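Colleague: Sharing a structure, written as structure tokens. Questions coming.
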Amino acid sequence: MNAAAPQTEINPDEIIVCPTCDAAYHLQRPSFDERAVCERCHTALITPRRKAGMQIIALALSVLILVVAAVCFPFLSIRAAGATNSISVLETALAFRGEAYGPLAWVVLGFIVVIPFVRAVLSIYVLVPLVFERPVYRGAKEAFKWLDRLHPWSMAEIFVLGCAVALVKVADLAEIRFGAAFWMFCGLVVVVLVQDSFLCRWSVWNSLVHPRKQ
Amino acid sequence: MVGMELSGSSSKAVTARALGLVVCRNCTKVHRLGEAETCARCGQRLLSRDTKSLQRVWAWWLLGLICYIPANMYPMLQTRTLLKVQEDTIVGGAVELIHHGSYGIAAIILIASVAIPIGKFAAVALVAISVVRPSSLSGAKLRFVHEVVEYVGRWSMIDIFVVAILSSLVQLNSLAAVQPGQASLFFALSVVFTMLSAQAFDTRLIWDTRLQDDTA
């Protein structure tokens, strides 16, 4: 049974493996504001930040407020030759309603409103017990998995650039006014991007299993 | 930046598989190979290499390509004004913009809706072929291509959002009204399928065939 020898010598808990390229390293926890990076593919493995948990919770709360506000307030309005039209973010997504496009309306609504909102809820659900040193909530691991999975499908920033393109297209035909919701949506994009850059997946998974300090 | 000490003594990377280990791709917990079917921490299925990954990549890739064809044939937008009804395909709409002198916007539309999707089909195919056939591309280069595809691919949705904004905003009774065209549904499907195609790829396969030249 010689072949098994190297396997029994290694303690898997002292090894960190890059999920992108499978390179294995001895685990060294970086101190705050340092990054552990895979030397082969440069994937960030551990990126701890001081007080990251609290900051992410605060940012997630502002995402919730901004999403609700952006949905309620007027988004854009148009005026040309006496005719006017004002729309909300919800009406934008629902432009695709109708027999052939019905599902597309829900997909667009999901990408720009529902998924950013759900991700903010999930991050609060996962991080609040960790930050306040309480027992982890039920299903926190599942919630964190979905927080990660939904990341590429959160497209608020693309929607904002889409607004810019659409506005230039009609700018010389009609007068456009930005509603309060437009600026809230721009703020939302910034907050979401900052929030995602603060999150260290490795640290969260580690704390979900060893809940002492983050 | 903390430089991680390599498990091996040489400067070459040692893979978890070579050490008899397997990493959970969901939560990055390390397990002994063959000891468990699912991750002890998060319950995800453990696979040292996802051997079915390429099949899924090609399946989503093909679906995306199939949807991309009607996305370019059918009109993306239907504009009804007092005198006429105009239907524009993706490329037709961009050409129209160039005639009006909006070069910047035409460039954004052409890049997001034509260059990026076609580039994505080519890039995903390149990466998926390179891991099974010998190729001169290094692991670092292939990983870079895949990373760009994953990052940039989502931005193709911008055209769908433009259609959504225009067709909800430009509803000025008899003066002008914009409706989404059939192409929008196919285009959205194409973007979603190609995103799924890129996500289905097991990036660890990139380095397996090129262990010699991968430290660059």
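Ligands are numbered from 1 in the order shown, chains are lettered A, B, ... in the order of the structure tokens, and residues start at 1 in each chain.
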With a distance cut-off of 7 Å and only C-alpha atoms, select the neighbouring residues of A:Leu122, excluding the residue or stretch itself and same-chain residues fewer than 4 positions from it, and output the selection as a list in words.
Modeller: Val118, Val126, Ala143, Phe144 and Leu147 of chain A
Colleague: Could you list, as a ChimeraX atom specification, every residue of chain A that has an atom within 6 Å of an atom of chain B, counting only C-alpha atoms?
Modeller: /A:7,12,19-26,34-36,40,83,92,95,158-159,162,166
Colleague: Do a neighbour search on stretch 86-88 of chain A at 6 Å with only C-alpha atoms, toss out local chain neighbours closer than 3 positions, and write the hits as a PyMOL selection string.
Modeller: chain A and resi 74-77+91
Colleague: Go ahead and dump the residues you just picked, N, CA and C atoms, as a tab-separated table (two decimals), in the first residue's frame.
Modeller:
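Listed below is the output, out-v6.tsv:
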chain	number	residue	atom	x	y	z
A	74	PRO	N	-40.68	57.71	-10.67
A	74	PRO	CA	-40.62	57.75	-12.13
A	74	PRO	C	-39.18	57.62	-12.62
A	75	PHE	N	-39.01	56.94	-13.74
A	75	PHE	CA	-37.68	56.60	-14.22
A	75	PHE	C	-37.25	57.57	-15.33
A	76	LEU	N	-37.99	57.58	-16.42
A	76	LEU	CA	-37.66	58.47	-17.54
A	76	LEU	C	-38.97	59.04	-18.07
A	77	SER	N	-38.89	60.24	-18.65
A	77	SER	CA	-40.07	60.74	-19.36
A	77	SER	C	-39.64	61.37	-20.67
A	91	GLU	N	-42.22	49.26	-15.91
A	91	GLU	CA	-42.82	49.37	-17.24
A	91	GLU	C	-41.79	49.09	-18.32
Colleague: What separation in Å, quoted to one decimal, exists between atom CA of B:Ala112 and atom CA of B:Ala94?
Modeller: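 If I compute the distance from atom CA of B:Ala112 to atom CA of B:Ala94, I get 11.2 Å.
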Colleague: I'd like the neighbourhood of A:Thr43 as a VMD selection string, where a residue qualifies if any of its atoms comes within 8 Å (using only C-alpha atoms), though same-chain residues fewer than 3 positions away should be ignored.
Modeller: chain A and resid 18 20 37 to 38
Colleague: Export, as an mmCIF file, in the first residue's frame, the selected residues with N, CA, C and O atoms.
Modeller:
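Output file out24.cif follows:
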data_model
loop_
_atom_site.group_PDB
_atom_site.id
_atom_site.type_symbol
_atom_site.label_atom_id
_atom_site.label_comp_id
_atom_site.auth_asym_id
_atom_site.auth_seq_id
_atom_site.Cartn_x
_atom_site.Cartn_y
_atom_site.Cartn_z
ATOM 1 N N CYS A 18 -6.642 25.989 -5.821
ATOM 2 C CA CYS A 18 -7.278 26.982 -6.681
ATOM 3 C C CYS A 18 -8.433 26.308 -7.426
ATOM 4 O O CYS A 18 -8.211 25.340 -8.148
ATOM 5 N N THR A 20 -9.992 27.287 -9.921
ATOM 6 C CA THR A 20 -9.948 27.549 -11.355
ATOM 7 C C THR A 20 -8.969 26.628 -12.072
ATOM 8 O O THR A 20 -9.261 26.124 -13.149
ATOM 9 N N VAL A 37 -3.155 34.985 -3.950
ATOM 10 C CA VAL A 37 -3.474 34.815 -5.362
ATOM 11 C C VAL A 37 -2.811 33.545 -5.869
ATOM 12 O O VAL A 37 -1.675 33.236 -5.500
ATOM 13 N N CYS A 38 -3.521 32.802 -6.698
ATOM 14 C CA CYS A 38 -2.948 31.602 -7.307
ATOM 15 C C CYS A 38 -1.813 32.030 -8.243
ATOM 16 O O CYS A 38 -1.986 32.902 -9.080
#
Colleague: For atom CA of B:Ala200 and atom CA of B:Tyr74, quote the distance in Å rounded to one decimal.
Modeller: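 Pair atom CA of B:Ala200 / atom CA of B:Tyr74 returns 28.9 Å.
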Colleague: Please provide the set of residues having any atom within 10 Å of A:Asp196, restricted to only C-alpha atoms, with same-chain residues fewer than 3 positions apart removed, written as a ChimeraX atom specification.
Modeller: /A:56,59-60,148,151,191-193,199-200
Colleague: Take the selection from the previous step and output its residues with N, CA, C and O atoms, as a short mmCIF file (atom, residue, chain, number, x, y, z; two decimals), in the first residue's frame.
Modeller:
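To be explicit, this is the file written out as result.cif:
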data_model
loop_
_atom_site.label_atom_id
_atom_site.label_comp_id
_atom_site.auth_asym_id
_atom_site.auth_seq_id
_atom_site.Cartn_x
_atom_site.Cartn_y
_atom_site.Cartn_z
N ILE A 56 -20.45 45.15 4.09
CA ILE A 56 -21.30 44.51 3.08
C ILE A 56 -22.76 44.56 3.51
O ILE A 56 -23.65 44.82 2.69
N LEU A 59 -23.99 48.00 2.83
CA LEU A 59 -24.20 48.22 1.39
C LEU A 59 -25.43 47.45 0.90
O LEU A 59 -26.19 47.96 0.08
N ALA A 60 -25.62 46.24 1.42
CA ALA A 60 -26.77 45.44 0.99
C ALA A 60 -28.08 46.12 1.39
O ALA A 60 -29.05 46.11 0.64
N ASP A 148 -23.50 33.49 -4.95
CA ASP A 148 -22.41 33.36 -5.90
C ASP A 148 -22.92 33.01 -7.30
O ASP A 148 -22.50 33.58 -8.30
N HIS A 151 -24.49 35.82 -9.34
CA HIS A 151 -23.65 36.98 -9.63
C HIS A 151 -23.63 37.39 -11.12
O HIS A 151 -23.91 38.54 -11.45
N VAL A 191 -23.12 50.86 -5.75
CA VAL A 191 -23.16 50.13 -4.48
C VAL A 191 -22.97 48.63 -4.72
O VAL A 191 -22.22 47.96 -4.02
N VAL A 192 -23.65 48.09 -5.75
CA VAL A 192 -23.54 46.65 -6.02
C VAL A 192 -22.11 46.28 -6.38
O VAL A 192 -21.56 45.29 -5.89
N LEU A 193 -21.47 47.11 -7.20
CA LEU A 193 -20.09 46.80 -7.62
C LEU A 193 -19.14 46.84 -6.42
O LEU A 193 -18.29 45.97 -6.27
N LEU A 199 -16.45 41.25 -0.94
CA LEU A 199 -16.77 39.92 -0.45
C LEU A 199 -15.61 38.95 -0.67
O LEU A 199 -15.09 38.84 -1.77
N CYS A 200 -15.20 38.26 0.38
CA CYS A 200 -14.18 37.21 0.27
C CYS A 200 -14.86 35.88 0.49
O CYS A 200 -15.26 35.54 1.59
#
Colleague: Compile the contact shell of B:Ala122 as a PyMOL selection string: residues with an atom at most 12 Å away, counting only C-alpha atoms, same-chain residues fewer than 2 positions apart removed.
Modeller: chain B and resi 58+61-62+65+115-120+124-130+145-146+149+194+198
Colleague: Generate the output file for the selected residues, C-alpha atoms, as a PDB file, in the first residue's frame.
Modeller:
ATOM      1  CA  TRP B  58     -20.955  22.389 -26.879  1.00  0.00           C
ATOM      2  CA  TRP B  61     -22.893  26.721 -27.611  1.00  0.00           C
ATOM      3  CA  LEU B  62     -24.916  25.147 -30.408  1.00  0.00           C
ATOM      4  CA  LEU B  65     -25.586  29.768 -32.285  1.00  0.00           C
ATOM      5  CA  ALA B 115     -18.643  41.601 -32.528  1.00  0.00           C
ATOM      6  CA  ILE B 116     -19.035  40.272 -28.970  1.00  0.00           C
ATOM      7  CA  PRO B 117     -21.477  37.420 -29.797  1.00  0.00           C
ATOM      8  CA  ILE B 118     -19.459  36.229 -32.788  1.00  0.00           C
ATOM      9  CA  GLY B 119     -16.206  36.643 -30.858  1.00  0.00           C
ATOM     10  CA  LYS B 120     -17.737  34.647 -28.030  1.00  0.00           C
ATOM     11  CA  VAL B 124     -15.543  29.329 -26.509  1.00  0.00           C
ATOM     12  CA  ALA B 125     -14.917  26.996 -29.442  1.00  0.00           C
ATOM     13  CA  LEU B 126     -11.190  27.808 -29.351  1.00  0.00           C
ATOM     14  CA  VAL B 127     -10.905  27.021 -25.634  1.00  0.00           C
ATOM     15  CA  ALA B 128     -13.035  23.868 -25.873  1.00  0.00           C
ATOM     16  CA  ILE B 129     -11.025  22.550 -28.830  1.00  0.00           C
ATOM     17  CA  SER B 130      -7.647  23.493 -27.318  1.00  0.00           C
ATOM     18  CA  VAL B 145      -9.632  34.086 -23.265  1.00  0.00           C
ATOM     19  CA  HIS B 146     -12.138  32.237 -21.085  1.00  0.00           C
ATOM     20  CA  VAL B 149     -15.674  35.590 -22.447  1.00  0.00           C
ATOM     21  CA  THR B 194     -23.705  31.382 -24.534  1.00  0.00           C
ATOM     22  CA  ALA B 198     -18.985  29.554 -20.856  1.00  0.00           C
TER      23      ALA B 198
END
Colleague: Name the residues of chain B that come out as strand (DSSP E or B) in a backbone DSSP run; write them as a list in words.
Modeller: Val2, Gly3, Leu6, Thr15, Leu21, Val22, Val23, Val30, His31, Arg32, Thr38, Arg45, Leu77, Gln78, Thr79, Arg80, Thr81, Val85, Gln86, Glu87, Asp88, Gln171, Leu172, Ala176, Ala177, Val178, Gln179 and Pro180 of chain B
Colleague: Could you check the closest approach to A:Ile78 for each of A:Gly102, A:Val136, A:Ala52, A:Phe178 and tell me which residue wins, using only C-alpha atoms?
Modeller: A:Phe178
Colleague: Rounded to one decimal in Å, what is the spacing between atom CA of B:Thr209 and atom CA of B:Ser138?
Modeller: 9.9 Å
Colleague: Stretch 99-137 of chain B: which residues are helix (DSSP H, G or I) by DSSP, as a ChimeraX atom specification?
Modeller: /B:99-100,103-130
Colleague: Which residue is closest to B:Leu142? Choose from A:Leu208, A:Leu109, A:Cys41, A:Ile65 and count only C-alpha atoms.
Modeller: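 When distances to B:Leu142 are compared using only C-alpha atoms, the smallest one comes from A:Cys41.
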